[in-house]
Amino acid sequence: MTSEKSRGILIAERRAGDCIITGMRQKHTLSEMKTGGCTMIGGHLLHGGDYNPEQWIEYPEILEEDLKLMNKANVNCVTLGVFSWAELEPKEDVYTFEWLEEIIDKLRERKIQVVLATPSGGMPHWLTQKYPETLQVQADGTVNLPGKRHNFCYSSPVMRRKVKQIDRALAQRFGKKENVILWHISNEFGGNFKDSTCHCEKCQKKFREWLKNKYGTLDKLNASWWTGFWSHKYTDWDQIHSPSPQGECLTTALTLDWKRFSSEQITDFCKMEADALREFSDLPTTTNMMGFFKGVDYNTLKNAVDIISWDNYPFWHERKDEVPEAVYTSAGNALMRSLKREPFLLMESTPSSVSWRSHNPLKRPGMHMLSSMQAVAHGADSVQYFQWRKSRGGYEKFHGAVVDHKNGSDTRTFREVTEVGKRLEHLSGGIKTFLNRAKAAIVFDWENWWAVEDTSGPRQDLDYVKCVTDHYRAFWECGLDVDFVSMDDDFSGYRLLAAPLNYMYKKGYSEKVRAFVEAGGTYVTTYFSGIVNETDLCFIGRHPLEDVLGVVSEEMDAPSKEFENCFDYNGKEYPAYTMCDIVHAKAKTEIYSVYKKDFYKGCPVVTENAYGSGRAYYLSAESDQRFLSAFYKDVFIKAGLLKEASSADRILKRLPHGVTAAKREDETGRKGLVFVMNFNDRQVRLEGIGKQIDAESGEVYENVLEMAPFSCTILKLK
């Protein structure tokens, strides 16, 4: 009756009339669930995190203390069962759920909701001992030993059967519990080994079947993969093997298709778990993603769950200037929001420090509140932590937690977490219908990521994510919300579309861009874009968007530092390095900058071409952040993204270094909240902002806003 795309909304609607937030049943319409995001069940921002009571079953006094401290810390939701398989099923087909039910019931008495996880992220030893065929096989043929996480074959019938069994049992037992609000499927899919895929014979067979479905014939596969090179044509499907250092790993189309296949395998596994849960439960589902994680295409995985959530661990205080990390983290939040263009959940963060980097600084005073508000500002409907209480042993025993090994609630971290909980509760009522409604988008596509960094081209050190986030920083500095879109997405509704390092053009992409610009959109793209199709075959004849861009590319230089070039833009000189595309402008193309050195002196670097009712910009060379910031600010003004249409826009024009803003607003754009964030370790002063009203305190700011170090001020959108 319903499509896969719409099913998640209907699940949220069914659950909406039967959810517990504060001990009272509340009714909610579909429109409320949708506009506020089905993450904010009951209209409350979630605050809490991973709770692992199974580690403390022998310490009943600890468990009792936890419940009291959760209320004290303003925790209203915890995640249970993420790594509990060995406790839930100590022997095959023997389920011991009583301890979990007791915990859930005690949490309900304390008016605390539960996100209940499926335990497939960590396998019990009895399973791998009895069924060694479930273990992953590496690319070199080595069978993994038991241990770590996600160390299983996604094709394994045994693994799938055992996971389905325990998922169904959990759903049947807890799917109707009144304070269980959401299913958390597994944990950080793909996040185990460097190559998180399995290369066993079962996976090889499935890969060949996948290729047959995609290409139909070997002739078409050989043509698409260009296997005539090095005389590697396939004459039998069984000759095809996954990329391996012991065999074929230089056919880039093979590597690209293997990554697509592996990502789809993970997505199918996640969907299998979701389907098993839905046999007995109509609760919505999520799985915790990891932002810019290369191993899984989240544009595929998003279709397996109802709600997007992610785990966010910024490296704050790695350096004095927090802006680069603030930009990267902001981009990660925006990426998660963009997957469904709805609010999302911050499923994991640390309230203090992590334990797995070379050095692990504590969050300075104010940073925990600021980083929590940063997530909410960009669309999160929760702030949750890993974990509630520090483990006594194991790999993450020194990972930050709300409750330390000692001192209970008498710690700086606990007090700061408590303040975050208070602030979230205060915000809940006023934010539930507000969402970031970006007018600009950046193309970020996992398949392009895989392709551009795997190619043997002008450079071997291309960093796609860095390039994308460098461009994103220009938006961040101006306080402009941005969506991330794949090449498969709909571009309508945006005024500006940026596509840096867009090496691969998927089928139909160039036509969509042409229509976008022709209808009045502004398009920005760069060097080394539009080079290959979806099977990594170079375009021949002419660039697919030559008429839109108004330039013809002849050669691509990859100069060393000693041959670095430069160009002028608006009277200032900027470097041209890493990649320098040598292009010729067409007759009506406007040239803003040219190379100043070498044999391509005088060739265009920055161009603008009018096409239809819109315009397209081409950046021929990589340059520094100073140039990107100056260039994009001009583009924003031309595209109508920076104008004093409201008091919020006056703020955006006056943001000093380290200060940014984000807006969550209603569909009309007349009501909402403006989050102004200071990532400096010093006080800043914003002037010329007009009259602003503090959304929390009601204080009125006349033309000046003083901001403390590492702070967030939330203003009413007028």
# chains A, B, ... in the order shown; residues from 1 in each chain; ligands from 1
$ residues_around --residues "Tyr131 of chain A" --least-positions-apart "6" --cutoff "12 Å" --atoms "only C-alpha atoms" --output "list in words"
Glu92, Met123, Pro124, His125, Pro146, Phe152, Cys153, Ser156, Pro157, Val158, Met159, Arg160, Arg161 and Lys162 of chain A
$ write_last_selection --atoms "N, CA, C and O atoms" --output "compact mmCIF listing (two decimals), in the first residue's frame"
# COMPACT_ATOMS: atom_id res chain seq x y z
N GLU A 92 23.19 -20.28 22.86
CA GLU A 92 22.36 -20.24 21.67
C GLU A 92 20.90 -20.56 22.00
O GLU A 92 20.60 -21.57 22.66
N MET A 123 29.63 -9.56 18.33
CA MET A 123 29.20 -10.96 18.35
C MET A 123 29.69 -11.67 19.61
O MET A 123 30.84 -11.51 20.01
N PRO A 124 28.85 -12.51 20.22
CA PRO A 124 29.31 -13.31 21.36
C PRO A 124 30.24 -14.42 20.89
O PRO A 124 30.15 -14.89 19.76
N HIS A 125 31.12 -14.84 21.77
CA HIS A 125 32.12 -15.85 21.38
C HIS A 125 31.49 -17.21 21.08
O HIS A 125 32.03 -17.97 20.27
N PRO A 146 38.05 -14.06 16.01
CA PRO A 146 36.93 -13.41 16.70
C PRO A 146 37.37 -12.15 17.42
O PRO A 146 38.53 -12.02 17.83
N PHE A 152 31.85 -9.63 10.92
CA PHE A 152 31.07 -10.74 10.38
C PHE A 152 30.84 -10.54 8.89
O PHE A 152 30.95 -9.43 8.36
N CYS A 153 30.49 -11.62 8.25
CA CYS A 153 30.19 -11.61 6.82
C CYS A 153 28.72 -11.22 6.64
O CYS A 153 27.83 -11.87 7.18
N SER A 156 26.52 -13.97 5.14
CA SER A 156 26.39 -15.24 5.85
C SER A 156 24.94 -15.56 6.19
O SER A 156 24.29 -14.83 6.96
N PRO A 157 24.39 -16.66 5.67
CA PRO A 157 23.02 -17.06 6.04
C PRO A 157 22.87 -17.34 7.53
O PRO A 157 21.84 -17.02 8.12
N VAL A 158 23.92 -17.90 8.14
CA VAL A 158 23.86 -18.19 9.57
C VAL A 158 23.78 -16.89 10.37
O VAL A 158 22.96 -16.76 11.28
N MET A 159 24.65 -15.94 10.02
CA MET A 159 24.65 -14.67 10.75
C MET A 159 23.30 -13.97 10.62
O MET A 159 22.74 -13.47 11.60
N ARG A 160 22.77 -13.96 9.42
CA ARG A 160 21.48 -13.31 9.20
C ARG A 160 20.37 -14.03 9.99
O ARG A 160 19.49 -13.37 10.56
N ARG A 161 20.43 -15.34 10.04
CA ARG A 161 19.40 -16.09 10.77
C ARG A 161 19.48 -15.80 12.27
O ARG A 161 18.45 -15.57 12.92
N LYS A 162 20.70 -15.80 12.81
CA LYS A 162 20.85 -15.57 14.25
C LYS A 162 20.46 -14.14 14.64
O LYS A 162 19.85 -13.91 15.68
$ select_by_dssp --residues "segment 393-526 of chain A" --states "alpha helix (DSSP H)" --output "PyMOL selection string"
chain A and resi 412-431+446-454+464-477+509-518
$ write_last_selection --atoms "N, CA and C atoms" --output "compact mmCIF listing (two decimals), in the first residue's frame"
# COMPACT_ATOMS: atom_id res chain seq x y z
N ARG A 412 32.99 18.61 37.25
CA ARG A 412 32.69 19.68 36.29
C ARG A 412 31.88 19.13 35.12
N THR A 413 32.25 17.94 34.63
CA THR A 413 31.54 17.36 33.50
C THR A 413 30.07 17.14 33.82
N PHE A 414 29.79 16.57 34.98
CA PHE A 414 28.39 16.30 35.36
C PHE A 414 27.60 17.60 35.43
N ARG A 415 28.21 18.63 36.00
CA ARG A 415 27.50 19.91 36.11
C ARG A 415 27.23 20.51 34.73
N GLU A 416 28.19 20.40 33.82
CA GLU A 416 27.98 20.95 32.48
C GLU A 416 26.92 20.17 31.71
N VAL A 417 26.90 18.85 31.87
CA VAL A 417 25.86 18.02 31.25
C VAL A 417 24.49 18.42 31.79
N THR A 418 24.40 18.64 33.09
CA THR A 418 23.14 19.04 33.71
C THR A 418 22.63 20.34 33.11
N GLU A 419 23.53 21.28 32.87
CA GLU A 419 23.13 22.57 32.29
C GLU A 419 22.65 22.39 30.85
N VAL A 420 23.29 21.50 30.10
CA VAL A 420 22.81 21.21 28.74
C VAL A 420 21.39 20.66 28.79
N GLY A 421 21.14 19.74 29.71
CA GLY A 421 19.80 19.17 29.84
C GLY A 421 18.74 20.23 30.16
N LYS A 422 19.08 21.15 31.04
CA LYS A 422 18.15 22.23 31.38
C LYS A 422 17.86 23.09 30.15
N ARG A 423 18.90 23.41 29.40
CA ARG A 423 18.72 24.29 28.24
C ARG A 423 17.90 23.60 27.16
N LEU A 424 18.14 22.32 26.95
CA LEU A 424 17.36 21.58 25.95
C LEU A 424 15.89 21.53 26.33
N GLU A 425 15.60 21.32 27.61
CA GLU A 425 14.21 21.27 28.05
C GLU A 425 13.53 22.62 27.82
N HIS A 426 14.27 23.69 28.06
CA HIS A 426 13.71 25.02 27.87
C HIS A 426 13.45 25.30 26.39
N LEU A 427 14.32 24.78 25.53
CA LEU A 427 14.18 25.01 24.09
C LEU A 427 13.10 24.17 23.44
N SER A 428 12.78 23.04 24.04
CA SER A 428 11.92 22.04 23.38
C SER A 428 10.61 22.62 22.87
N GLY A 429 9.94 23.39 23.68
CA GLY A 429 8.63 23.89 23.29
C GLY A 429 8.68 24.84 22.11
N GLY A 430 9.77 25.61 21.99
CA GLY A 430 9.82 26.63 20.96
C GLY A 430 10.46 26.20 19.67
N ILE A 431 10.97 24.96 19.58
CA ILE A 431 11.75 24.57 18.41
C ILE A 431 11.10 23.47 17.59
N TRP A 446 29.11 9.96 -2.41
CA TRP A 446 30.04 8.91 -2.00
C TRP A 446 30.71 8.24 -3.20
N GLU A 447 29.98 8.00 -4.25
CA GLU A 447 30.57 7.31 -5.40
C GLU A 447 31.64 8.18 -6.05
N ASN A 448 31.42 9.48 -6.08
CA ASN A 448 32.45 10.39 -6.58
C ASN A 448 33.67 10.36 -5.65
N TRP A 449 33.42 10.30 -4.35
CA TRP A 449 34.51 10.21 -3.36
C TRP A 449 35.38 8.98 -3.64
N TRP A 450 34.73 7.83 -3.78
CA TRP A 450 35.49 6.61 -4.05
C TRP A 450 36.29 6.73 -5.35
N ALA A 451 35.64 7.28 -6.37
CA ALA A 451 36.27 7.32 -7.70
C ALA A 451 37.44 8.29 -7.75
N VAL A 452 37.26 9.49 -7.24
CA VAL A 452 38.29 10.52 -7.39
C VAL A 452 39.54 10.19 -6.59
N GLU A 453 39.37 9.53 -5.44
CA GLU A 453 40.54 9.22 -4.62
C GLU A 453 41.19 7.90 -5.01
N ASP A 454 40.54 7.15 -5.89
CA ASP A 454 41.12 5.88 -6.34
C ASP A 454 41.79 6.00 -7.70
N TYR A 464 39.03 14.53 -1.20
CA TYR A 464 37.72 15.04 -1.61
C TYR A 464 36.99 15.73 -0.45
N VAL A 465 37.01 15.12 0.72
CA VAL A 465 36.30 15.70 1.86
C VAL A 465 36.90 17.04 2.25
N LYS A 466 38.23 17.14 2.24
CA LYS A 466 38.87 18.42 2.56
C LYS A 466 38.47 19.49 1.55
N CYS A 467 38.46 19.13 0.28
CA CYS A 467 38.07 20.09 -0.75
C CYS A 467 36.63 20.56 -0.52
N VAL A 468 35.73 19.63 -0.25
CA VAL A 468 34.32 19.98 -0.03
C VAL A 468 34.16 20.85 1.20
N THR A 469 34.82 20.50 2.30
CA THR A 469 34.67 21.27 3.52
C THR A 469 35.38 22.62 3.44
N ASP A 470 36.42 22.74 2.61
CA ASP A 470 37.02 24.05 2.37
C ASP A 470 36.01 24.98 1.71
N HIS A 471 35.27 24.46 0.74
CA HIS A 471 34.23 25.26 0.09
C HIS A 471 33.10 25.54 1.09
N TYR A 472 32.75 24.55 1.89
CA TYR A 472 31.70 24.72 2.90
C TYR A 472 32.05 25.84 3.88
N ARG A 473 33.34 25.98 4.19
CA ARG A 473 33.75 26.98 5.17
C ARG A 473 33.33 28.39 4.73
N ALA A 474 33.34 28.66 3.44
CA ALA A 474 32.93 29.99 2.97
C ALA A 474 31.48 30.26 3.34
N PHE A 475 30.63 29.25 3.28
CA PHE A 475 29.23 29.39 3.70
C PHE A 475 29.15 29.57 5.22
N TRP A 476 29.93 28.77 5.94
CA TRP A 476 29.95 28.80 7.40
C TRP A 476 30.35 30.19 7.90
N GLU A 477 31.35 30.79 7.28
CA GLU A 477 31.83 32.10 7.70
C GLU A 477 30.76 33.18 7.53
N TYR A 509 23.16 13.48 -14.65
CA TYR A 509 23.56 14.60 -13.80
C TYR A 509 23.74 15.89 -14.60
N SER A 510 24.44 15.83 -15.71
CA SER A 510 24.70 17.04 -16.49
C SER A 510 23.39 17.66 -16.98
N GLU A 511 22.42 16.83 -17.33
CA GLU A 511 21.13 17.35 -17.78
C GLU A 511 20.41 18.08 -16.63
N LYS A 512 20.52 17.55 -15.42
CA LYS A 512 19.90 18.20 -14.27
C LYS A 512 20.55 19.54 -13.96
N VAL A 513 21.87 19.58 -14.05
CA VAL A 513 22.58 20.85 -13.81
C VAL A 513 22.20 21.87 -14.88
N ARG A 514 22.16 21.43 -16.13
CA ARG A 514 21.80 22.34 -17.23
C ARG A 514 20.41 22.94 -16.99
N ALA A 515 19.46 22.12 -16.59
CA ALA A 515 18.11 22.60 -16.32
C ALA A 515 18.09 23.54 -15.12
N PHE A 516 18.90 23.24 -14.10
CA PHE A 516 18.98 24.08 -12.90
C PHE A 516 19.47 25.48 -13.24
N VAL A 517 20.54 25.57 -14.03
CA VAL A 517 21.10 26.87 -14.39
C VAL A 517 20.16 27.60 -15.35
N GLU A 518 19.63 26.89 -16.30
CA GLU A 518 18.74 27.50 -17.29
C GLU A 518 17.53 28.15 -16.61
$ closest_residue --among "A:Leu497, A:Met677, A:Leu652, A:Ile103" --to "Leu63 of chain A" --atoms "only C-alpha atoms"
A:Ile103
$ residues_around --residues "segment 217-223 of chain A" --least-positions-apart "2" --cutoff "10 Å" --atoms "only C-alpha atoms" --output "mmCIF file with all heavy atoms, in the first residue's frame"
data_model
loop_
_atom_site.group_PDB
_atom_site.id
_atom_site.type_symbol
_atom_site.label_atom_id
_atom_site.label_comp_id
_atom_site.auth_asym_id
_atom_site.auth_seq_id
_atom_site.Cartn_x
_atom_site.Cartn_y
_atom_site.Cartn_z
ATOM 1 N N LEU A 211 26.752 -8.091 -10.290
ATOM 2 C CA LEU A 211 27.267 -7.592 -11.571
ATOM 3 C C LEU A 211 26.414 -8.069 -12.746
ATOM 4 O O LEU A 211 26.171 -7.316 -13.698
ATOM 5 C CB LEU A 211 28.720 -8.036 -11.760
ATOM 6 C CG LEU A 211 29.737 -7.404 -10.805
ATOM 7 C CD1 LEU A 211 31.096 -8.096 -10.937
ATOM 8 C CD2 LEU A 211 29.882 -5.904 -11.065
ATOM 9 N N LYS A 212 25.956 -9.310 -12.668
ATOM 10 C CA LYS A 212 25.076 -9.822 -13.730
ATOM 11 C C LYS A 212 23.804 -8.992 -13.824
ATOM 12 O O LYS A 212 23.344 -8.644 -14.919
ATOM 13 C CB LYS A 212 24.727 -11.291 -13.476
ATOM 14 C CG LYS A 212 25.851 -12.279 -13.737
ATOM 15 C CD LYS A 212 25.372 -13.704 -13.423
ATOM 16 C CE LYS A 212 26.514 -14.708 -13.551
ATOM 17 N NZ LYS A 212 26.067 -16.083 -13.213
ATOM 18 N N ASN A 213 23.231 -8.670 -12.660
ATOM 19 C CA ASN A 213 22.012 -7.860 -12.650
ATOM 20 C C ASN A 213 22.266 -6.461 -13.184
ATOM 21 O O ASN A 213 21.405 -5.857 -13.832
ATOM 22 C CB ASN A 213 21.440 -7.779 -11.231
ATOM 23 C CG ASN A 213 20.845 -9.086 -10.764
ATOM 24 O OD1 ASN A 213 20.377 -9.884 -11.565
ATOM 25 N ND2 ASN A 213 20.862 -9.327 -9.461
ATOM 26 N N LYS A 214 23.452 -5.950 -12.930
ATOM 27 C CA LYS A 214 23.757 -4.577 -13.349
ATOM 28 C C LYS A 214 24.094 -4.487 -14.829
ATOM 29 O O LYS A 214 23.618 -3.579 -15.524
ATOM 30 C CB LYS A 214 24.919 -4.021 -12.519
ATOM 31 C CG LYS A 214 25.295 -2.592 -12.894
ATOM 32 C CD LYS A 214 26.340 -1.994 -11.969
ATOM 33 C CE LYS A 214 26.622 -0.544 -12.352
ATOM 34 N NZ LYS A 214 27.583 0.109 -11.440
ATOM 35 N N TYR A 215 24.913 -5.412 -15.332
ATOM 36 C CA TYR A 215 25.419 -5.296 -16.698
ATOM 37 C C TYR A 215 24.753 -6.246 -17.685
ATOM 38 O O TYR A 215 24.785 -6.003 -18.896
ATOM 39 C CB TYR A 215 26.939 -5.510 -16.709
ATOM 40 C CG TYR A 215 27.692 -4.410 -15.986
ATOM 41 C CD1 TYR A 215 28.241 -4.623 -14.719
ATOM 42 C CD2 TYR A 215 27.835 -3.159 -16.555
ATOM 43 C CE1 TYR A 215 28.927 -3.622 -14.051
ATOM 44 C CE2 TYR A 215 28.527 -2.143 -15.903
ATOM 45 C CZ TYR A 215 29.063 -2.385 -14.653
ATOM 46 O OH TYR A 215 29.732 -1.376 -13.994
ATOM 47 N N TRP A 225 34.084 -1.505 -18.049
ATOM 48 C CA TRP A 225 35.282 -1.508 -17.216
ATOM 49 C C TRP A 225 36.564 -1.256 -18.014
ATOM 50 O O TRP A 225 37.623 -1.121 -17.429
ATOM 51 C CB TRP A 225 35.408 -2.849 -16.485
ATOM 52 C CG TRP A 225 34.450 -3.039 -15.343
ATOM 53 C CD1 TRP A 225 33.394 -2.256 -14.988
ATOM 54 C CD2 TRP A 225 34.476 -4.122 -14.396
ATOM 55 N NE1 TRP A 225 32.755 -2.764 -13.901
ATOM 56 C CE2 TRP A 225 33.396 -3.914 -13.501
ATOM 57 C CE3 TRP A 225 35.286 -5.237 -14.225
ATOM 58 C CZ2 TRP A 225 33.128 -4.781 -12.446
ATOM 59 C CZ3 TRP A 225 35.020 -6.115 -13.177
ATOM 60 C CH2 TRP A 225 33.946 -5.883 -12.289
ATOM 61 N N TRP A 226 36.464 -1.227 -19.361
ATOM 62 C CA TRP A 226 37.627 -1.013 -20.238
ATOM 63 C C TRP A 226 38.707 -2.077 -19.980
ATOM 64 O O TRP A 226 39.895 -1.810 -19.818
ATOM 65 C CB TRP A 226 38.206 0.384 -20.031
ATOM 66 C CG TRP A 226 38.875 0.948 -21.246
ATOM 67 C CD1 TRP A 226 40.217 1.123 -21.449
ATOM 68 C CD2 TRP A 226 38.257 1.432 -22.440
ATOM 69 N NE1 TRP A 226 40.472 1.673 -22.676
ATOM 70 C CE2 TRP A 226 39.270 1.881 -23.313
ATOM 71 C CE3 TRP A 226 36.927 1.519 -22.867
ATOM 72 C CZ2 TRP A 226 39.010 2.410 -24.571
ATOM 73 C CZ3 TRP A 226 36.665 2.049 -24.117
ATOM 74 C CH2 TRP A 226 37.692 2.481 -24.949
ATOM 75 N N THR A 227 38.265 -3.339 -19.924
ATOM 76 C CA THR A 227 39.171 -4.427 -19.555
ATOM 77 C C THR A 227 40.135 -4.828 -20.673
ATOM 78 O O THR A 227 41.028 -5.649 -20.440
ATOM 79 C CB THR A 227 38.362 -5.672 -19.134
ATOM 80 O OG1 THR A 227 37.476 -6.030 -20.208
ATOM 81 C CG2 THR A 227 37.561 -5.402 -17.876
ATOM 82 N N GLY A 228 39.947 -4.249 -21.869
ATOM 83 C CA GLY A 228 40.929 -4.508 -22.927
ATOM 84 C C GLY A 228 42.307 -3.995 -22.557
ATOM 85 O O GLY A 228 43.322 -4.470 -23.078
ATOM 86 N N HIS A 232 42.867 -7.776 -20.024
ATOM 87 C CA HIS A 232 42.191 -8.358 -18.871
ATOM 88 C C HIS A 232 40.701 -8.599 -19.106
ATOM 89 O O HIS A 232 39.899 -8.554 -18.165
ATOM 90 C CB HIS A 232 42.377 -7.465 -17.634
ATOM 91 C CG HIS A 232 43.741 -7.568 -17.029
ATOM 92 N ND1 HIS A 232 44.205 -6.695 -16.072
ATOM 93 C CD2 HIS A 232 44.754 -8.444 -17.252
ATOM 94 C CE1 HIS A 232 45.438 -7.026 -15.726
ATOM 95 N NE2 HIS A 232 45.793 -8.083 -16.428
ATOM 96 N N LYS A 233 40.316 -8.862 -20.326
ATOM 97 C CA LYS A 233 38.905 -9.131 -20.607
ATOM 98 C C LYS A 233 38.453 -10.413 -19.906
ATOM 99 O O LYS A 233 39.158 -11.416 -19.874
ATOM 100 C CB LYS A 233 38.682 -9.272 -22.109
ATOM 101 C CG LYS A 233 38.643 -7.950 -22.849
ATOM 102 C CD LYS A 233 38.187 -8.138 -24.290
ATOM 103 C CE LYS A 233 38.051 -6.783 -24.985
ATOM 104 N NZ LYS A 233 37.600 -6.931 -26.384
ATOM 105 N N TYR A 234 37.248 -10.353 -19.359
ATOM 106 C CA TYR A 234 36.662 -11.517 -18.695
ATOM 107 C C TYR A 234 35.850 -12.317 -19.711
ATOM 108 O O TYR A 234 35.087 -11.763 -20.502
ATOM 109 C CB TYR A 234 35.755 -11.072 -17.548
ATOM 110 C CG TYR A 234 36.487 -10.376 -16.418
ATOM 111 C CD1 TYR A 234 36.491 -8.987 -16.310
ATOM 112 C CD2 TYR A 234 37.184 -11.114 -15.458
ATOM 113 C CE1 TYR A 234 37.163 -8.347 -15.276
ATOM 114 C CE2 TYR A 234 37.850 -10.480 -14.420
ATOM 115 C CZ TYR A 234 37.846 -9.094 -14.339
ATOM 116 O OH TYR A 234 38.509 -8.469 -13.310
ATOM 117 N N THR A 235 36.026 -13.643 -19.659
ATOM 118 C CA THR A 235 35.269 -14.524 -20.554
ATOM 119 C C THR A 235 34.341 -15.459 -19.786
ATOM 120 O O THR A 235 33.621 -16.252 -20.378
ATOM 121 C CB THR A 235 36.231 -15.357 -21.420
ATOM 122 O OG1 THR A 235 37.109 -16.105 -20.569
ATOM 123 C CG2 THR A 235 37.043 -14.456 -22.344
ATOM 124 N N ASP A 236 34.368 -15.369 -18.458
ATOM 125 C CA ASP A 236 33.485 -16.162 -17.602
ATOM 126 C C ASP A 236 33.239 -15.358 -16.334
ATOM 127 O O ASP A 236 34.171 -14.761 -15.777
ATOM 128 C CB ASP A 236 34.142 -17.508 -17.259
ATOM 129 C CG ASP A 236 33.167 -18.472 -16.592
ATOM 130 O OD1 ASP A 236 32.723 -18.164 -15.471
ATOM 131 O OD2 ASP A 236 32.856 -19.517 -17.192
ATOM 132 N N TRP A 237 32.003 -15.352 -15.865
ATOM 133 C CA TRP A 237 31.691 -14.587 -14.660
ATOM 134 C C TRP A 237 32.514 -15.037 -13.465
ATOM 135 O O TRP A 237 32.864 -14.228 -12.592
ATOM 136 C CB TRP A 237 30.204 -14.702 -14.325
ATOM 137 C CG TRP A 237 29.299 -14.010 -15.307
ATOM 138 C CD1 TRP A 237 28.576 -14.594 -16.305
ATOM 139 C CD2 TRP A 237 29.040 -12.597 -15.397
ATOM 140 N NE1 TRP A 237 27.873 -13.639 -17.015
ATOM 141 C CE2 TRP A 237 28.140 -12.396 -16.470
ATOM 142 C CE3 TRP A 237 29.470 -11.489 -14.668
ATOM 143 C CZ2 TRP A 237 27.676 -11.140 -16.833
ATOM 144 C CZ3 TRP A 237 29.001 -10.233 -15.028
ATOM 145 C CH2 TRP A 237 28.123 -10.059 -16.101
ATOM 146 N N ALA A 253 37.242 0.631 -12.251
ATOM 147 C CA ALA A 253 35.797 0.376 -12.324
ATOM 148 C C ALA A 253 35.420 -0.839 -11.480
ATOM 149 O O ALA A 253 34.345 -0.879 -10.874
ATOM 150 C CB ALA A 253 35.364 0.172 -13.765
ATOM 151 N N LEU A 254 36.286 -1.854 -11.424
ATOM 152 C CA LEU A 254 36.063 -3.010 -10.549
ATOM 153 C C LEU A 254 36.028 -2.556 -9.095
ATOM 154 O O LEU A 254 35.118 -2.930 -8.329
ATOM 155 C CB LEU A 254 37.173 -4.043 -10.757
ATOM 156 C CG LEU A 254 37.346 -5.115 -9.668
ATOM 157 C CD1 LEU A 254 36.134 -6.025 -9.607
ATOM 158 C CD2 LEU A 254 38.625 -5.923 -9.897
ATOM 159 N N THR A 535 31.135 4.625 -14.619
ATOM 160 C CA THR A 535 32.034 3.459 -14.579
ATOM 161 C C THR A 535 33.489 3.876 -14.760
ATOM 162 O O THR A 535 34.336 3.073 -15.127
ATOM 163 C CB THR A 535 31.653 2.411 -15.639
ATOM 164 O OG1 THR A 535 31.765 2.980 -16.938
ATOM 165 C CG2 THR A 535 30.245 1.889 -15.407
ATOM 166 N N LEU A 537 34.898 5.814 -16.927
ATOM 167 C CA LEU A 537 35.383 5.982 -18.299
ATOM 168 C C LEU A 537 35.403 7.470 -18.626
ATOM 169 O O LEU A 537 34.426 8.187 -18.385
ATOM 170 C CB LEU A 537 34.483 5.257 -19.302
ATOM 171 C CG LEU A 537 34.482 3.731 -19.263
ATOM 172 C CD1 LEU A 537 33.579 3.179 -20.368
ATOM 173 C CD2 LEU A 537 35.892 3.183 -19.410
#
$ residues_around --residues "segment 267-270 of chain A" --least-positions-apart "6" --cutoff "9 Å" --atoms "only C-alpha atoms" --output "count of residues only"
16
$ residues_around --residues "Leu362 of chain A" --least-positions-apart "4" --cutoff "10 Å" --atoms "only C-alpha atoms" --output "MDAnalysis selection string"
chainID A and resid 315:317 350:354 367:368 400 413
$ residues_around --residues "Pro53 of chain A" --least-positions-apart "3" --cutoff "10 Å" --atoms "only C-alpha atoms" --output "mmCIF file with C-alpha atoms, in the first residue's frame"
data_model
loop_
_atom_site.group_PDB
_atom_site.id
_atom_site.type_symbol
_atom_site.label_atom_id
_atom_site.label_comp_id
_atom_site.auth_asym_id
_atom_site.auth_seq_id
_atom_site.Cartn_x
_atom_site.Cartn_y
_atom_site.Cartn_z
ATOM 1 C CA ASP A 50 24.451 5.050 25.875
ATOM 2 C CA TRP A 56 27.234 -3.359 36.380
ATOM 3 C CA ILE A 57 24.803 -6.202 37.135
ATOM 4 C CA GLU A 58 27.049 -7.333 40.001
ATOM 5 C CA TYR A 59 26.874 -3.810 41.461
ATOM 6 C CA PRO A 60 23.175 -3.164 42.300
ATOM 7 C CA ILE A 62 25.640 1.435 41.156
ATOM 8 C CA LEU A 63 22.475 0.785 39.161
ATOM 9 C CA ASP A 66 22.531 5.733 38.118
ATOM 10 C CA LEU A 80 20.227 0.289 25.904
ATOM 11 C CA GLY A 81 21.490 -2.980 24.484
ATOM 12 C CA SER A 84 24.546 -6.714 25.080
ATOM 13 C CA TRP A 99 17.468 -7.914 33.592
ATOM 14 C CA LEU A 100 16.800 -5.638 30.600
ATOM 15 C CA ILE A 103 16.014 -1.713 33.836
ATOM 16 C CA TRP A 388 26.566 7.449 30.777
ATOM 17 C CA ARG A 389 29.068 5.835 33.146
#
$ atom_distance --atom1 "atom CA of Gln138 of chain A" --atom2 "atom CA of Asn288 of chain A"
24.2 Å
$ closest_residue --among "A:Arg364, A:Lys340, A:Ser355, A:Asp488" --to "Phe398 of chain A" --atoms "only C-alpha atoms"
A:Ser355
$ residues_around --residues "Glu188 of chain A" --least-positions-apart "3" --cutoff "7 Å" --atoms "only C-alpha atoms" --output "list in words"
Gly191, Asn288, Met289 and Met290 of chain A
$ closest_residue --among "A:Val163, A:Ile582, A:Ala375, A:Ala171" --to "Phe599 of chain A" --atoms "only C-alpha atoms"
A:Ile582
$ select_by_dssp --residues "segment 36-136 of chain A" --states "strand (DSSP E or B)" --output "number ranges by chain"
A: 46-50, 77-80, 91, 94, 113-117, 135
$ closest_residue --among "A:Cys712, A:Ala587, A:Leu135, A:Met373" --to "Cys203 of chain A" --atoms "only C-alpha atoms"
A:Leu135
